[in-house]
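*Asks:* Got a structure for you, questions after.
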Amino acid sequence: MDTKRADTVAAPGRFPLRELLLFAAVLVAVLGVYAAMGPAYSTRMLVEASCYAILALGLTIQWGYAGQFNAGVMGFVALGGFCAMFFSIPVNEAFWESELPGELGLVLFYMVAAALVVFGATRLDRLGVPKKLRTLIAVVLGVVLYLVVINTFRGVADQIESRAGFIGGLGLPVGVGWIVGGALAGGVGYFIGRVCLGLRSDYLAIATLGIAEIIKAFLKNSDWLTRGTATVSPLPWPVPGPAEVGFTLARALYLSVTAVMIAVIFFLLSRAYHAPWGRMIRAIRDNEISAAAMGKDINKRRLEIFVLGCILMGIGGAALASFNSMFDPQGYLPLNHTFLVLVMVILGGPGNNLGTIFGAVAVYIIWIMSEPLALFLMELAVTFGEGAFGWDAPTNLDSRALQARVFVIGLLITLVLRYAPKGMLPEKVRHHG
Amino acid sequence: MPLLDARDVHGGYGGMNILNGVDMAIEADEIGVIVGPNGAGKSTMLKAIFGLLHVSQGEILLRGEPIHNLAPNKLVQKGMGFVPQEKNVFPSLTVKENLEMGAFLKPGNVKRMLKQVYDFFPPLHDKRHQPAGELSGGQRQMVAMGRALMAEPSLLLLDEPTAGLSPLYMNEIFEQVKLVNSAGVGILMVEQNAKQALAIADRGFVLAAGQNRFTDSGAALLADPEVAKSFLGG
Amino acid sequence: MNELVFFINNVVIAGSVSGSIYAIGAVGVTLIFSIMRFAHFAHGDMMTFGAFMVLLLTTAFPGAGAAFGVPSALVLLPLAMALTALLAVGIDKAFYKPLRAHGVKPIVLVIGSLGVTLMLQGLIRLFAGTSGQSLYIDDRKEIFRLALPFEGVRAPVVVTEPQLYLFVITLVAVVGLHLFLSRSRLGKAMRAMSDNPDLAQASGINTNTIVAVTWVIAGGLAAIAGTLLSLDVTFKPDLSFFLLLPIFAAAIVGGVGHPYGAVAGGFVVGFAETLAVFNWSVLLRPFRDSLPEWLTQSGNLAFVGTEYKIVVPFFILVVILVWRPTGIFKGKVI
């Protein structure tokens with residue numbers, strides 16, 4: 001009890017001048033964008049920024065609270081987006097009225113059954129089968145059953161594609177998809193976490209990088225499930241859409257939903273932060289060895305943190321996809337959905353929720369505004385080049401100008417790491433007695 | 001002029017001082033031994049001399065030249081060798097390669113010094129193509145000392161060379177230390193086996209709480225009843 | 001027998017090609033890891049940079065190879081290697097060294113290397129555009145068709161000129177690296193530093209020199225891998241970013257910090273990939289009549305489609321992390 005009281009009393013001891021100044025600066029920037037680009041555009045930017053803030057909160061608890069680096073935010077965002085799409089779009093009658101759902105169900109049943117058989121084979125040694133033989137049986141069985149099931153599955157998937165297009169959605173309320181999206185992302189996070197936690201954090205970075213590409217490859221190529229590159233749109237909104245109340249108001253309503261979500265997440269996180277659980281997490285982060293010596297189960301706590309972060313990324317990704325009203329698996333890019341979030345977190349202040357939200361909004365404004373700015377600068381350079389030395393500019397200048405943003409993001413990451421490793425709003429490491 | 005002359009050395013890790021004014025001097029052909037209770041700063045003193053620890057106050061002179069807070073590789077060039085207590089070999093390198101690394105700054109010496117080290121430690125010659133990680137503890141200690149000798153140091157720092165060794169090996173290591181010393185290498189070592197170590201010491205330094213408690217010749221310290229009572233276990 | 005030729009073309013040759021590329025890449029990654037203790041995420045883009053340098057040089061001197069009878073790209077490769085090595089050393093000085101000097105955790109260096117990845121990617125795309133370009137500018141890509149001396153074999157074994165160069169250069173690079181690490185003074189010092197950096201310093205080894213040498217080797221090897229890959233297919237700015245996962249998988253399979261393991265790991269991953277996307281029903285075709293119908297009726301018996309090739313290195317990675325995180329050759333640091 002004593003430590004807790006000291007903790008909560010110590011927190012508001014200082015006047016939050018830095019926080020106020022930074023958020024005032026963001027406010028000025030937002031007002032500037034409103035003045036320059038009009039309310040509809042600016043509100044859209046704010047909604048997207050708020051979705052990114054949820055992603056950034058997910059990453060900040062992984063990286064800032066627990067020192068786990070997730071290099072595959074994109075994958076969890078895409079999973080969330082997929083769930084938002086799958087649960088909310090209308091039911092595809094062409095699919096459900098055919099015999100295809102039954103066949104698909106059967107294949108899924110085969111998959112489960114095959115998995116159980118192989119799992120059973122790995123337990124054969126308990127029946128007295130020698131271990132080497134057991135491994136051989138399990139591997140051969142796994143390979144053969146996998147080939148059989150995957151072939152049946154490919155057949156059914158082709159059937160679905162040719163006869164019904166894709167399996168369509170479930171026509172459920174938008175919120176269901178968001179929650180399931182969070183759960184699915186958390187489930188994948190659990191799997192990755194189980195494999196990698198306890199090893200050096202480099203391995204987690206490599207594995208998350210891989211799983212993100214795999215999730216994207218799956219969503220892109222599973223036409224029967226997601227229509228692949230053909231994309232799915234429109235996705236319904238949880239609030240009245242632009243067709244009913246106009247762009248600005250609809251987007252403002254959407255913004256209120258995401259803002260409430262951020263507020264709830266923020267509140268829950270700071271509650272957890274000051275609860276015994278949060279203290280334990282901080283103890284592990286600040287001194288892993290002594291925390292282990294005190295008998296804390298470090299890997300379990302780490303797994304909890306990692307899964308929690310992935311859940312937030314799934315929810316944020318779902319909100320983002322619903323808002324864009326389109327599910328396009330190819331639109332998920334490491335730059336936009338992993339590295340941008342990373343910059344938000346390390347610039348804002350890893351482990352500091354307020355700093356992370358500041359970082360998310362500030363970086364997103366810069367990011368959005370940098371596109372017209374980069375094009376403008378490029379054009380300026382071309383005009384100057386043509387005038388001064390008769391330079392013949394390359395034709396695909398626009399796409400090249402956007403590549404400059406890739407460079408800037410990279411430069412930003414390295415500079416922040418070097419000169420402001422704790423971000424604009426540093427997380428205070430308190431020492432607990 | 002003494003080979004090593006440390007005066008009023010203060011230093012520690014992260015603002016916490018462990019050394020609170022240590023004096024230590026040995027001549028070129030002497031064996032100096034540092035003993036004392038756990039936490040007295042014995043190994044810390046050795047690290048301070050070898051530039052692995054920031055010296056905040058005081059000075060350390062090697063043949064009259066100030067050397068405190070120089071980088072270890074500079075000290076190797078100036079003729080100092082250091083054998084850490086743990087992790088003192090390159091486990092995946094062969095014995096011969098370990099020794100060659102000792103002469104990294106003096107590649108011209110390798111042939112001559114290899115022969116000399118094999119003369120000091122005959123078992124190493126037989127195992128020269130074996131990875132050092134596969135050797136026994138005593139042989140590993142020989143590799144570690146041999147590696148340090150390859151650079152022809154005038155002063156060799158040994159951090160608890162007999163830690164974890166069986167008594168048989170322990171005697172062997174002490175014999176080899178004497179042998180190396182008689183070849184003209186000054187030695188400064190930290191030892192837990194205080195009696196045996198002081199028996200071969202020209203100079204003994206008893207440290208406690210980061211300061212000199214007793215400083216005298218090895219024999220005199222062994223004979224001092226107060227030292228015996230407090231530090232040598234009666 | 002045609003099926004056998006098909007197998008040779010699609011598995012043996014294709015696997016050796018990707019295996020060689022992964023091996024050269026993984027050696028660089030594993031050396032960097034063993035000296036600086038972090039997973040270097042910018043390695044893929046260092047490979048691209050090397051290939052890009054070759055592209056620039058070949059565009060500038062398209063006739064350079066004619067005098068030697070080899071593609072100009074190969075003649076200019078050593079120059080590109082030197083430039084890439086220079087870039088690697090420069091990147092280390094500018095970005096990684098300050099972080100190391102601050103004593104940051106290795107994972108911060110990983111993030112820093114991601115920043116470097118983006119910078120390289122941005123620069124390369126800014127100057128090279130995003131489309132593919134051939135490194136064969138004035139030269140012609142030779143394709144060798146070797147007919148097998150058996151009756152009834154119509155399909156030839158197909159090897160392209162860059163593939164042959166790839167095999168030769170991989171062999172030379174691996175042997176050269178072996179000699180460097182086991183014979184030369186600097187190579188041994190590199191192994192020593194990988195074993196025990198503190199003791200290396202205490203032995204008088206200048207660790208800054210070793211770090212620089214590591215970058216030179218890693219950069220040079222990256223340029224080789226990137227160039228040979230681009231010769232085999234085409235130069236694309238995002239080509240090697242997708243190689244990152246297989247290369248890391250190869251390094252981990254071989255045991256991190258273990259250069260020979262990385263070579264083996266590279267071929268393990270390369271062959272695993274080609275075996276997984278190979279359509280096994282082709283090999284069953286000659287025995288069509290004696291096999292059960294359910295096995296032969298399907299035209300496609302590949303484990304994964306080519307679009308899911310990236311699953312293979314990931315699967316290998318997960319298996320090795322679960323089963324034996326030190327890798328098959330027992331790497332040292334986990």
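All residue names refer to the structure tokens as shown: chains lettered A, B, ... in order, residues numbered from 1 in each chain, ligands numbered from 1 in order.
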Pick out the residues sitting within 12 Å of stretch 61-68 of chain B, and hand them over as a CSV table (one decimal) with N, CA and C atoms, in the first residue's frame; count only C-alpha atoms, and ignore anything fewer than 6 positions along from it in its own chain.
*Replies:*
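So result_29.csv came out as:
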```csv
chain,number,residue,atom,x,y,z
B,1,MET,N,63.8,3.5,-9.6
B,1,MET,CA,62.4,3.8,-9.9
B,1,MET,C,61.6,2.6,-9.9
B,2,PRO,N,60.5,2.6,-9.2
B,2,PRO,CA,59.6,1.3,-9.1
B,2,PRO,C,59.0,1.1,-10.5
B,3,LEU,N,58.8,-0.2,-10.8
B,3,LEU,CA,58.1,-0.6,-12.0
B,3,LEU,C,56.7,0.0,-12.0
B,4,LEU,N,56.0,-0.3,-11.0
B,4,LEU,CA,54.6,0.2,-10.9
B,4,LEU,C,54.5,1.0,-9.6
B,5,ASP,N,53.9,2.2,-9.7
B,5,ASP,CA,53.8,3.0,-8.5
B,5,ASP,C,52.4,3.6,-8.5
B,6,ALA,N,51.5,3.1,-7.7
B,6,ALA,CA,50.1,3.6,-7.6
B,6,ALA,C,50.0,4.4,-6.4
B,7,ARG,N,49.5,5.7,-6.5
B,7,ARG,CA,49.5,6.5,-5.3
B,7,ARG,C,48.0,7.1,-5.1
B,8,ASP,N,47.5,6.7,-3.9
B,8,ASP,CA,46.2,7.3,-3.5
B,8,ASP,C,45.1,7.1,-4.5
B,9,VAL,N,45.0,5.9,-5.0
B,9,VAL,CA,44.0,5.7,-6.1
B,9,VAL,C,42.6,5.6,-5.6
B,10,HIS,N,41.7,6.4,-6.2
B,10,HIS,CA,40.3,6.4,-5.9
B,10,HIS,C,39.6,6.0,-7.2
B,11,GLY,N,38.5,5.2,-7.1
B,11,GLY,CA,37.8,4.9,-8.3
B,11,GLY,C,36.6,3.9,-8.0
B,23,ASP,N,47.6,2.7,-2.1
B,23,ASP,CA,49.0,2.9,-2.5
B,23,ASP,C,49.6,1.5,-2.8
B,24,MET,N,50.4,1.4,-3.8
B,24,MET,CA,50.9,0.2,-4.2
B,24,MET,C,52.2,0.4,-5.1
B,25,ALA,N,53.3,-0.2,-4.7
B,25,ALA,CA,54.5,-0.1,-5.5
B,25,ALA,C,55.2,-1.4,-5.6
B,26,ILE,N,55.7,-1.8,-6.7
B,26,ILE,CA,56.6,-2.9,-6.8
B,26,ILE,C,57.7,-2.6,-7.8
B,27,GLU,N,58.8,-3.3,-7.5
B,27,GLU,CA,60.0,-3.1,-8.4
B,27,GLU,C,60.0,-4.1,-9.5
B,28,ALA,N,60.9,-3.9,-10.5
B,28,ALA,CA,60.8,-4.6,-11.8
B,28,ALA,C,60.9,-6.1,-11.6
B,45,MET,N,41.1,-2.9,-7.9
B,45,MET,CA,42.4,-2.2,-8.1
B,45,MET,C,43.2,-2.7,-9.3
B,46,LEU,N,43.1,-4.0,-9.6
B,46,LEU,CA,43.8,-4.5,-10.7
B,46,LEU,C,43.2,-4.0,-12.0
B,47,LYS,N,41.9,-3.9,-12.0
B,47,LYS,CA,41.2,-3.3,-13.2
B,47,LYS,C,41.5,-1.8,-13.4
B,48,ALA,N,41.6,-1.1,-12.2
B,48,ALA,CA,42.0,0.3,-12.3
B,48,ALA,C,43.3,0.5,-12.9
B,49,ILE,N,44.3,-0.4,-12.5
B,49,ILE,CA,45.6,-0.3,-13.1
B,49,ILE,C,45.6,-0.6,-14.6
B,50,PHE,N,44.7,-1.6,-15.0
B,50,PHE,CA,44.7,-1.9,-16.4
B,50,PHE,C,43.7,-1.1,-17.3
B,51,GLY,N,43.3,0.0,-16.7
B,51,GLY,CA,42.5,0.9,-17.5
B,51,GLY,C,41.0,0.5,-17.8
B,52,LEU,N,40.6,-0.5,-17.0
B,52,LEU,CA,39.2,-1.0,-17.2
B,52,LEU,C,38.2,-0.3,-16.3
B,53,LEU,N,38.7,0.6,-15.5
B,53,LEU,CA,37.9,1.3,-14.5
B,53,LEU,C,38.4,2.7,-14.4
B,54,HIS,N,37.5,3.6,-14.3
B,54,HIS,CA,37.9,5.1,-14.3
B,54,HIS,C,38.5,5.4,-12.9
B,55,VAL,N,39.7,6.0,-13.0
B,55,VAL,CA,40.4,6.4,-11.8
B,55,VAL,C,40.0,7.9,-11.6
B,74,LYS,N,46.5,0.4,-25.2
B,74,LYS,CA,47.7,1.3,-25.1
B,74,LYS,C,48.6,0.7,-24.0
B,75,LEU,N,48.0,0.2,-22.9
B,75,LEU,CA,48.8,-0.3,-21.8
B,75,LEU,C,49.5,-1.6,-22.3
B,76,VAL,N,48.9,-2.4,-23.2
B,76,VAL,CA,49.6,-3.6,-23.7
B,76,VAL,C,50.8,-3.1,-24.4
B,77,GLN,N,50.7,-2.0,-25.2
B,77,GLN,CA,51.9,-1.5,-25.9
B,77,GLN,C,53.0,-1.1,-25.0
B,78,LYS,N,52.5,-0.6,-23.8
B,78,LYS,CA,53.5,-0.1,-22.9
B,78,LYS,C,54.1,-1.2,-22.0
B,79,GLY,N,53.7,-2.4,-22.3
B,79,GLY,CA,54.4,-3.5,-21.6
B,79,GLY,C,53.6,-4.1,-20.4
B,80,MET,N,52.3,-4.0,-20.4
B,80,MET,CA,51.5,-4.5,-19.3
B,80,MET,C,50.7,-5.7,-19.9
B,153,PRO,N,55.4,-8.7,-21.7
B,153,PRO,CA,55.2,-7.7,-20.8
B,153,PRO,C,56.3,-7.5,-19.7
B,154,SER,N,56.5,-6.3,-19.2
B,154,SER,CA,57.4,-6.2,-18.1
B,154,SER,C,56.6,-6.3,-16.8
B,155,LEU,N,55.3,-6.1,-16.9
B,155,LEU,CA,54.4,-6.3,-15.7
B,155,LEU,C,53.2,-7.1,-16.0
B,186,GLY,N,57.8,-8.6,-13.9
B,186,GLY,CA,57.2,-8.2,-12.6
B,186,GLY,C,55.8,-8.7,-12.5
```
*Asks:* I need the chain B residues near chain C as a PyMOL selection string; criterion: at most 10 Å, counting only C-alpha atoms.
*Replies:* chain B and resi 50-52+71-77+80-84+86-93+97-107+144+147-148+150-151
*Asks:* Give me the residues within 9 Å of stretch 306-315 of chain A as a compact mmCIF listing (two decimals) with N, CA and C atoms, in the first residue's frame, counting only C-alpha atoms and dropping any in the same chain fewer than 6 places off.
*Replies:*
```txt
# COMPACT_ATOMS: atom_id res chain seq x y z
N CYS A 51 -6.69 6.63 -35.28
CA CYS A 51 -6.49 5.18 -35.45
C CYS A 51 -5.02 4.83 -35.26
N TYR A 52 -4.14 5.68 -35.83
CA TYR A 52 -2.71 5.44 -35.66
C TYR A 52 -2.31 5.56 -34.20
N ILE A 54 -3.99 4.54 -31.73
CA ILE A 54 -4.26 3.24 -31.09
C ILE A 54 -3.12 2.27 -31.42
N LEU A 55 -2.71 2.25 -32.69
CA LEU A 55 -1.58 1.38 -33.07
C LEU A 55 -0.35 1.75 -32.25
N ALA A 56 -0.11 3.06 -32.14
CA ALA A 56 1.09 3.51 -31.45
C ALA A 56 1.05 3.13 -29.97
N LEU A 57 -0.16 3.19 -29.38
CA LEU A 57 -0.26 2.77 -27.98
C LEU A 57 0.09 1.29 -27.85
N GLY A 58 -0.36 0.51 -28.84
CA GLY A 58 0.00 -0.92 -28.82
C GLY A 58 1.50 -1.11 -28.87
N LEU A 59 2.16 -0.35 -29.74
CA LEU A 59 3.62 -0.52 -29.86
C LEU A 59 4.34 0.06 -28.65
N THR A 60 3.80 1.12 -28.09
CA THR A 60 4.52 1.74 -26.98
C THR A 60 4.51 0.85 -25.74
N ILE A 61 3.44 0.08 -25.56
CA ILE A 61 3.51 -0.79 -24.38
C ILE A 61 4.46 -1.95 -24.64
N GLN A 62 4.55 -2.41 -25.91
CA GLN A 62 5.49 -3.50 -26.19
C GLN A 62 6.94 -3.00 -26.06
N TRP A 63 7.22 -1.87 -26.69
CA TRP A 63 8.60 -1.41 -26.74
C TRP A 63 8.95 -0.62 -25.49
N ALA A 66 8.08 -2.97 -22.11
CA ALA A 66 8.73 -4.26 -21.94
C ALA A 66 9.98 -4.43 -22.78
N GLN A 68 10.24 -4.91 -25.93
CA GLN A 68 10.10 -5.87 -27.03
C GLN A 68 9.88 -5.09 -28.31
N ASN A 70 8.61 -4.90 -31.96
CA ASN A 70 7.75 -5.56 -32.94
C ASN A 70 7.99 -4.90 -34.29
N VAL A 73 4.23 -4.59 -37.18
CA VAL A 73 2.95 -3.99 -36.81
C VAL A 73 1.95 -4.16 -37.96
N MET A 74 2.47 -4.01 -39.20
CA MET A 74 1.63 -4.12 -40.37
C MET A 74 0.77 -5.39 -40.39
N GLY A 75 1.35 -6.51 -40.00
CA GLY A 75 0.62 -7.77 -40.04
C GLY A 75 -0.59 -7.74 -39.11
N PHE A 76 -0.40 -7.20 -37.91
CA PHE A 76 -1.50 -7.17 -36.95
C PHE A 76 -2.56 -6.16 -37.38
N VAL A 77 -2.12 -5.07 -37.98
CA VAL A 77 -3.05 -4.08 -38.53
C VAL A 77 -3.89 -4.73 -39.63
N ALA A 78 -3.23 -5.50 -40.49
CA ALA A 78 -3.95 -6.14 -41.60
C ALA A 78 -4.96 -7.15 -41.08
N LEU A 79 -4.58 -7.90 -40.03
CA LEU A 79 -5.52 -8.85 -39.45
C LEU A 79 -6.75 -8.15 -38.93
N GLY A 80 -6.53 -7.04 -38.22
CA GLY A 80 -7.66 -6.26 -37.72
C GLY A 80 -8.53 -5.78 -38.87
N GLY A 81 -7.88 -5.28 -39.92
CA GLY A 81 -8.62 -4.79 -41.07
C GLY A 81 -9.44 -5.89 -41.71
N CYS A 83 -10.69 -8.56 -40.26
CA CYS A 83 -11.84 -8.90 -39.42
C CYS A 83 -12.92 -7.84 -39.54
N ALA A 84 -12.50 -6.57 -39.56
CA ALA A 84 -13.48 -5.50 -39.72
C ALA A 84 -14.27 -5.72 -41.01
N GLY A 177 -16.55 -6.99 -35.49
CA GLY A 177 -15.33 -7.21 -36.26
C GLY A 177 -14.12 -6.60 -35.59
N TRP A 178 -14.30 -5.43 -35.00
CA TRP A 178 -13.16 -4.77 -34.34
C TRP A 178 -12.67 -5.60 -33.16
N ILE A 179 -13.64 -6.12 -32.39
CA ILE A 179 -13.25 -6.90 -31.21
C ILE A 179 -12.57 -8.20 -31.64
N VAL A 180 -13.20 -8.88 -32.61
CA VAL A 180 -12.59 -10.13 -33.07
C VAL A 180 -11.23 -9.85 -33.70
N GLY A 181 -11.13 -8.72 -34.41
CA GLY A 181 -9.84 -8.34 -35.00
C GLY A 181 -8.77 -8.24 -33.93
N GLY A 182 -9.12 -7.58 -32.82
CA GLY A 182 -8.17 -7.48 -31.72
C GLY A 182 -7.81 -8.86 -31.18
N ALA A 183 -8.84 -9.72 -31.06
CA ALA A 183 -8.59 -11.05 -30.51
C ALA A 183 -7.71 -11.87 -31.43
N LEU A 184 -7.98 -11.79 -32.74
CA LEU A 184 -7.20 -12.56 -33.70
C LEU A 184 -5.74 -12.10 -33.68
N ALA A 185 -5.55 -10.77 -33.70
CA ALA A 185 -4.19 -10.24 -33.66
C ALA A 185 -3.50 -10.69 -32.37
N GLY A 186 -4.24 -10.66 -31.27
CA GLY A 186 -3.68 -11.13 -30.01
C GLY A 186 -3.29 -12.60 -30.08
N GLY A 187 -4.13 -13.41 -30.75
CA GLY A 187 -3.83 -14.84 -30.87
C GLY A 187 -2.54 -15.07 -31.64
N VAL A 188 -2.39 -14.37 -32.78
CA VAL A 188 -1.15 -14.52 -33.54
C VAL A 188 0.03 -14.03 -32.71
N GLY A 189 -0.19 -12.92 -31.98
CA GLY A 189 0.86 -12.40 -31.11
C GLY A 189 1.26 -13.43 -30.06
N TYR A 190 0.27 -14.16 -29.55
CA TYR A 190 0.57 -15.18 -28.53
C TYR A 190 1.48 -16.26 -29.11
N GLY A 193 4.88 -14.79 -29.67
CA GLY A 193 5.48 -14.53 -28.37
C GLY A 193 5.98 -15.81 -27.72
N ILE A 265 -8.84 3.28 -23.63
CA ILE A 265 -7.57 2.55 -23.60
C ILE A 265 -6.57 3.27 -22.69
```
*Asks:* Give me the residues within 10 Å of stretch 155-170 of chain C as a PyMOL selection string, counting only C-alpha atoms and dropping any in the same chain fewer than 2 places off.
*Replies:* chain C and resi 1-10+13-14+16-21+23-24+70-71+74+140-149+152-153+172-176+221+224-225+227-233+263
*Asks:* Please check the contacts: residues of chain A at most 6 Å away from chain C, using only C-alpha atoms, listed as an mmCIF file with C-alpha atoms, in the first residue's frame.
*Replies:*
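Printed below is iface-v5.cif as written:
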```cif
data_model
loop_
_atom_site.group_PDB
_atom_site.id
_atom_site.type_symbol
_atom_site.label_atom_id
_atom_site.label_comp_id
_atom_site.auth_asym_id
_atom_site.auth_seq_id
_atom_site.Cartn_x
_atom_site.Cartn_y
_atom_site.Cartn_z
ATOM 1 C CA ARG A 200 17.108 -12.235 -27.463
ATOM 2 C CA ARG A 400 10.132 9.325 -56.970
ATOM 3 C CA GLN A 403 10.347 7.907 -52.160
ATOM 4 C CA ALA A 404 12.016 10.878 -50.530
ATOM 5 C CA VAL A 406 10.960 6.894 -47.119
ATOM 6 C CA PHE A 407 14.369 8.447 -46.713
ATOM 7 C CA GLY A 410 14.555 6.489 -41.943
ATOM 8 C CA ILE A 413 14.429 7.128 -36.803
ATOM 9 C CA THR A 414 18.211 7.228 -36.674
#
```
